[in-house]
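Novice: My file is upload36.tsv. It has TSV, C-alpha atoms and all ligand atoms:
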chain	number	residue	atom	x	y	z
A	65	MET	CA	110.97	113.43	86.44
A	66	ILE	CA	107.53	111.85	86.40
A	67	ASP	CA	104.45	113.38	84.77
A	68	LEU	CA	101.19	112.44	86.49
A	69	TYR	CA	98.05	112.93	84.43
A	70	THR	CA	95.29	113.14	86.97
A	71	TRP	CA	92.12	114.65	88.34
A	72	THR	CA	90.51	115.15	91.78
A	73	THR	CA	89.07	111.65	92.08
A	74	PRO	CA	89.84	108.57	94.22
A	75	ASN	CA	91.81	106.90	91.42
A	76	GLY	CA	93.82	110.04	90.73
A	77	ARG	CA	94.55	110.61	94.41
A	78	LYS	CA	95.92	107.09	94.90
A	79	VAL	CA	98.93	107.95	92.76
A	80	SER	CA	99.47	111.54	93.94
A	81	ILE	CA	99.44	110.25	97.54
A	82	LEU	CA	102.05	107.60	96.66
A	83	LEU	CA	104.25	110.15	94.86
A	84	GLU	CA	104.00	112.51	97.84
A	85	GLU	CA	104.87	109.66	100.22
A	86	LEU	CA	107.86	108.77	98.05
A	87	GLY	CA	108.95	112.41	97.99
A	88	VAL	CA	110.09	112.15	94.37
A	89	PRO	CA	109.78	115.06	91.95
A	90	TYR	CA	106.75	114.95	89.69
A	91	THR	CA	104.58	117.26	87.67
A	92	ALA	CA	100.81	117.00	87.97
A	93	LYS	CA	99.09	117.49	84.61
A	94	PRO	CA	95.36	118.08	85.11
A	95	ILE	CA	92.99	116.14	82.86
A	96	ASP	CA	89.56	117.59	83.54
A	97	ILE	CA	87.26	114.60	83.08
A	98	SER	CA	84.17	116.83	83.42
A	99	LYS	CA	85.32	118.47	80.15
A	100	ASP	CA	86.08	115.13	78.44
A	101	GLU	CA	89.81	115.89	78.32
A	102	GLN	CA	90.40	112.15	78.89
A	103	PHE	CA	89.39	111.61	75.26
A	104	ALA	CA	92.05	113.94	73.79
A	105	PRO	CA	94.17	112.05	71.21
A	106	ASP	CA	97.46	112.96	72.93
A	107	PHE	CA	96.22	111.58	76.25
A	108	LEU	CA	95.02	108.37	74.57
A	109	LYS	CA	98.59	107.64	73.47
A	110	ILE	CA	99.50	106.97	77.12
A	111	ALA	CA	96.03	106.06	78.45
A	112	PRO	CA	94.25	104.04	75.73
A	113	ASN	CA	91.35	103.32	78.11
A	114	ASN	CA	90.66	107.10	78.28
A	115	ARG	CA	90.65	107.19	82.07
A	116	ILE	CA	92.85	108.96	84.56
A	117	PRO	CA	95.38	108.57	86.06
A	118	ALA	CA	98.40	107.77	83.90
A	119	ILE	CA	102.11	108.41	84.33
A	120	VAL	CA	105.11	109.03	82.12
A	121	ASP	CA	108.46	108.36	83.78
A	122	HIS	CA	110.95	110.37	81.73
A	123	GLU	CA	113.86	108.73	83.57
A	124	THR	CA	113.01	105.24	82.28
A	125	GLY	CA	110.73	105.96	79.32
A	126	VAL	CA	107.95	103.91	80.94
A	127	HIS	CA	104.38	105.11	80.56
A	128	LEU	CA	101.48	103.43	82.33
A	129	MET	CA	97.74	103.60	82.83
A	130	GLU	CA	95.79	101.68	85.56
A	131	THR	CA	96.53	102.57	89.16
A	132	GLY	CA	97.34	98.99	90.19
A	133	ALA	CA	100.12	98.82	87.61
A	134	ILE	CA	101.32	102.36	88.34
A	135	MET	CA	101.52	101.74	92.10
A	136	LEU	CA	103.33	98.42	91.72
A	137	TYR	CA	105.77	100.07	89.30
A	138	LEU	CA	106.55	102.97	91.64
A	139	ALA	CA	106.79	100.79	94.77
A	140	GLN	CA	109.20	98.48	92.96
A	141	LYS	CA	111.22	101.28	91.37
A	142	TYR	CA	111.86	103.02	94.70
A	143	ASP	CA	111.62	99.85	96.83
A	144	ARG	CA	109.27	101.49	99.30
A	145	PHE	CA	105.73	101.01	100.61
A	146	GLN	CA	105.76	97.33	99.68
A	147	VAL	CA	106.39	94.17	101.66
A	148	THR	CA	108.52	91.17	100.76
A	149	GLY	CA	108.21	87.38	101.01
A	150	ASP	CA	104.76	85.81	101.37
A	151	GLU	CA	103.37	89.15	102.50
A	152	HIS	CA	104.21	90.57	99.07
A	153	TRP	CA	101.48	88.42	97.55
A	154	ARG	CA	99.10	89.34	100.38
A	155	MET	CA	99.73	92.96	99.38
A	156	VAL	CA	99.05	92.20	95.71
A	157	GLU	CA	95.90	90.32	96.79
A	158	TRP	CA	94.49	93.34	98.65
A	159	LEU	CA	95.57	95.71	95.91
A	160	MET	CA	93.64	93.54	93.43
A	161	TRP	CA	90.67	93.45	95.83
A	162	GLN	CA	90.63	97.23	95.69
A	163	MET	CA	91.05	97.29	91.90
A	164	GLY	CA	88.47	94.62	91.10
A	165	GLY	CA	86.00	95.03	93.97
A	166	LEU	CA	86.03	98.06	96.19
A	167	GLY	CA	86.79	100.71	93.55
A	168	PRO	CA	84.38	99.54	90.82
A	169	MET	CA	81.51	98.84	93.26
A	170	LEU	CA	81.86	102.15	95.14
A	171	GLY	CA	82.13	103.87	91.76
A	172	GLN	CA	78.70	102.46	90.94
A	173	VAL	CA	77.35	103.76	94.28
A	174	HIS	CA	78.61	107.23	93.33
A	175	HIS	CA	77.00	106.92	89.88
A	176	PHE	CA	73.57	105.71	90.98
A	177	VAL	CA	73.16	106.99	94.55
A	178	LYS	CA	75.04	110.29	94.51
A	179	TYR	CA	74.61	111.49	90.91
A	180	ASN	CA	71.48	109.75	89.61
A	181	PRO	CA	69.20	109.09	92.57
A	182	GLY	CA	65.73	107.80	91.75
A	183	LYS	CA	66.69	106.47	88.29
A	184	SER	CA	67.16	102.86	89.31
A	185	GLU	CA	65.98	101.62	92.66
A	186	TYR	CA	67.44	98.21	91.87
A	187	ALA	CA	70.93	99.56	91.14
A	188	GLU	CA	70.92	101.85	94.18
A	189	GLU	CA	69.98	98.96	96.42
A	190	ARG	CA	72.37	96.48	94.80
A	191	TYR	CA	75.46	98.71	94.97
A	192	SER	CA	74.66	100.14	98.42
A	193	LYS	CA	74.39	96.59	99.73
A	194	GLU	CA	77.65	95.72	98.04
A	195	ALA	CA	79.29	98.78	99.66
A	196	GLN	CA	78.15	97.60	103.11
A	197	ARG	CA	79.54	94.14	102.37
A	198	LEU	CA	82.92	95.49	101.20
A	199	TYR	CA	83.27	97.80	104.23
A	200	LYS	CA	82.60	94.79	106.43
A	201	VAL	CA	85.30	92.80	104.62
A	202	LEU	CA	87.79	95.64	105.19
A	203	ASN	CA	86.70	96.06	108.80
A	204	THR	CA	87.31	92.36	109.44
A	205	ARG	CA	90.69	92.47	107.74
A	206	LEU	CA	91.71	95.44	109.93
A	207	GLU	CA	90.83	93.68	113.20
A	208	GLY	CA	94.01	93.87	115.30
A	209	ARG	CA	95.94	95.58	112.48
A	210	ASP	CA	96.94	99.15	111.80
A	211	TYR	CA	97.36	98.55	108.06
A	212	VAL	CA	95.90	96.18	105.50
A	213	VAL	CA	98.97	93.93	105.06
A	214	GLY	CA	102.36	93.21	106.59
A	215	GLU	CA	103.73	91.29	109.56
A	216	GLY	CA	102.40	92.01	113.07
A	217	THR	CA	99.97	94.89	113.13
A	218	GLY	CA	100.86	95.66	109.55
A	219	VAL	CA	103.01	97.93	107.43
A	220	TYR	CA	101.80	100.97	105.50
A	221	THR	CA	101.86	99.96	101.82
A	222	ILE	CA	100.38	100.74	98.44
A	223	ALA	CA	97.43	98.49	99.40
A	224	ASP	CA	96.42	101.13	101.98
A	225	MET	CA	97.09	104.02	99.61
A	226	ALA	CA	94.94	102.40	96.91
A	227	THR	CA	92.03	101.80	99.28
A	228	TRP	CA	92.01	104.98	101.38
A	229	PRO	CA	90.84	107.50	98.72
A	230	TRP	CA	87.72	105.39	98.08
A	231	ILE	CA	86.93	105.31	101.80
A	232	SER	CA	87.39	109.08	101.92
A	233	ARG	CA	84.08	109.29	100.03
A	234	HIS	CA	82.20	107.37	102.72
A	235	ASP	CA	79.60	110.14	102.97
A	236	TRP	CA	78.77	109.82	99.23
A	237	GLN	CA	78.30	106.10	99.82
A	238	GLY	CA	75.84	106.49	102.72
A	239	ILE	CA	78.34	104.78	105.00
A	240	ASN	CA	78.55	105.62	108.68
A	241	LEU	CA	82.14	104.86	109.68
A	242	ALA	CA	80.99	104.35	113.29
A	243	ASP	CA	79.53	101.05	112.02
A	244	PHE	CA	83.03	99.97	110.94
A	245	PRO	CA	85.32	101.05	113.81
A	246	ASN	CA	88.48	99.36	112.48
A	247	VAL	CA	88.03	101.10	109.13
A	248	ARG	CA	87.35	104.40	110.91
A	249	ASP	CA	90.55	104.18	112.97
A	250	TRP	CA	92.63	103.15	109.93
A	251	TYR	CA	91.06	105.96	107.87
A	252	THR	CA	91.90	108.56	110.53
A	253	ARG	CA	95.43	107.19	110.98
A	254	ILE	CA	96.16	107.56	107.27
A	255	ALA	CA	94.36	110.92	106.97
A	256	SER	CA	96.76	112.37	109.56
A	257	ARG	CA	99.79	111.78	107.30
A	258	PRO	CA	101.12	115.03	105.78
A	259	ALA	CA	101.88	113.30	102.44
A	260	VAL	CA	98.29	112.05	102.23
A	261	GLN	CA	97.03	115.57	102.91
A	262	ARG	CA	99.26	116.96	100.15
A	263	GLY	CA	98.35	114.19	97.70
A	264	TYR	CA	94.65	114.73	98.34
A	265	ASP	CA	94.91	118.27	96.95
A	266	VAL	CA	96.45	117.21	93.59
A	267	PRO	CA	95.95	118.51	90.95
A	268	LYS	CA	94.04	121.18	92.90
A	269	TYR	CA	92.30	121.80	96.20
A	270	VAL	CA	88.60	120.93	96.14
A	271	SER	CA	87.71	120.37	99.78
A	272	ASP	CA	89.24	119.33	103.07
A	273	ILE	CA	89.64	115.61	103.73
A	274	PRO	CA	86.25	114.43	105.05
A	275	LYS	CA	86.21	113.64	108.77
A	276	ALA	CA	85.53	110.09	109.94
B	301	LIG	N1	90.84	100.89	86.76
B	301	LIG	C1	91.21	102.26	86.50
B	301	LIG	C2	90.03	103.15	86.74
B	301	LIG	C3	90.31	104.58	86.35
B	301	LIG	C4	89.03	105.41	86.39
B	301	LIG	O1	87.91	104.89	86.42
B	301	LIG	N2	89.19	106.75	86.35
B	301	LIG	C5	88.04	107.63	86.35
B	301	LIG	C6	88.18	108.71	87.39
B	301	LIG	S1	88.21	108.03	89.04
B	301	LIG	C7	87.95	108.32	84.97
B	301	LIG	O2	88.96	108.65	84.39
B	301	LIG	N3	86.73	108.53	84.48
B	301	LIG	C8	86.54	109.18	83.24
B	301	LIG	C9	85.34	108.68	82.48
B	301	LIG	O3	84.54	107.95	83.09
B	301	LIG	O4	85.22	109.01	81.30
B	301	LIG	C10	92.41	102.63	87.38
B	301	LIG	O5	92.51	102.08	88.48
B	301	LIG	O6	93.26	103.44	86.96
Write out the structure in this file as structure tokens.
Ligand SMILES: N[C@@H](CCC(=O)N[C@@H](CS)C(=O)NCC(=O)O)C(=O)O
Specialist:
Amino acid sequence: MIDLYTWTTPNGRKVSILLEELGVPYTAKPIDISKDEQFAPDFLKIAPNNRIPAIVDHETGVHLMETGAIMLYLAQKYDRFQVTGDEHWRMVEWLMWQMGGLGPMLGQVHHFVKYNPGKSEYAEERYSKEAQRLYKVLNTRLEGRDYVVGEGTGVYTIADMATWPWISRHDWQGINLADFPNVRDWYTRIASRPAVQRGYDVPKYVSDIPKA
């Protein structure tokens, strides 16, 4: 059994979506970051960076923080939602792009544009511009493909699952998905998956999945 320490955020949803897709038993343990529960000493033992999500796999004794590591671990453990050969490294590349680029930059858009508008014109402009650039990168990558990596038109992998929850907040980011039609189609394709819909509501329902 796996314990998933999580909250209703893009990073949390990445892992609940993967666990739902895998169909393995897990227990969601809510860590309410609006109440600073991520700083509780017991949580810090498994998540020393005091951020959600984190997992404890009681079957193997492994505990992990950082979604990139968690998703690679689960994909490898169950040998699903990953690709092999050269494409494996393409998958790691796009997973790292999400971890180092898309997630952190869109997180800054949420911080400055959504939650603190008017406090820093420079930051709002800088991160909004960066969001436009990153959406364009993803849109270009998805030209002629259904998924971010994989042979042919692509294979649904953890690279998609890591990226999708950030795109689901396109309205917070001032992004009109009509400007990025490949991203829009990919977003809708993934949103229609029952496991994604279940994973989106972990650890609790907040709202429906935003429409494209
Ligand atoms: N790089 C980390 C980022 C995790 C992260 O930023 N989590 C946010 C929620 S989306 C959090 O726990 N924030 C709590 C805080 O800022 O104190 C990962 O991918 O797991």
Novice: Check every protein, DNA and RNA residue against ligand LIG 301 (chain B), keep those with an atom at most 9 Å away (counting only C-alpha atoms and all ligand atoms), and present them as a ChimeraX atom specification.
Specialist: /A:70-78,95-98,100-103,113-118,129-134,162-164,167-168,171,226
Novice: From the set A:Arg144, A:His174, A:Lys99, A:Arg262, which residue has the shortest atom-to-atom contact distance to Ser192 in chain A, counting all atoms listed in the file?
Specialist: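 The answer is A:His174, which sits nearest to Ser192 in chain A.
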Novice: Which residue is closest to Ser232 in chain A? Choose from A:Thr204, A:Thr124, A:Ser184, A:Thr252 and count all atoms listed in the file.
Specialist: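 Ranking A:Thr204, A:Thr124, A:Ser184, A:Thr252 by distance to Ser232 in chain A, first place goes to A:Thr252.
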Novice: Could you please determine the separation between CA of Ala92 in chain A and CA of Asp265 in chain A in Å, to one decimal place?
Specialist: 10.8 Å
Novice: Find the spatial neighbours of Arg154 in chain A, counting all atoms listed in the file, within a cut-off of 12 Å - ignore same-chain residues fewer than 2 positions away - and output them as JSON, numbers by chain.
Specialist: {"A": [146, 147, 148, 149, 150, 151, 152, 156, 157, 158, 159, 160, 161, 205, 212, 213, 214, 215, 218, 219, 221, 222, 223]}
Novice: Could you work out how far CA of Thr227 in chain A lies from CA of Gly87 in chain A, giving the answer in Å with one decimal?
Specialist: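 Computed distance, CA of Gly87 in chain A to CA of Thr227 in chain A, equals 20.0 Å.
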Novice: Counting all atoms listed in the file, which of A:Arg253, A:Asn203, A:Pro258, A:Ile273 gets nearest to Leu241 in chain A?
Specialist: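 Selected residue with least distance to Leu241 in chain A: A:Asn203.
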Novice: Rank A:Leu82, A:Ala195, A:Met169, A:Ala276 by their smallest atom-to-atom distance to Ser256 in chain A, using only C-alpha atoms, and report the top residue only.
Specialist: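 Residue with the minimum atom-to-atom distance to Ser256 in chain A: A:Ala276.
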Novice: Restricting the calculation to only C-alpha atoms: of A:Leu170, A:Met155, A:Leu136, A:Val120, which residue gets closest to Gly238 in chain A?
Specialist: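 Smallest distance to Gly238 in chain A is found for A:Leu170.
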Novice: For each of A:Asp121, A:Asp224, A:Asp243, A:Ala104, take the minimum atom-to-atom distance to Val260 in chain A, counting only C-alpha atoms, then give the residue where this is smallest.
Specialist: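 For Val260 in chain A, the nearest of the given residues is A:Asp224.
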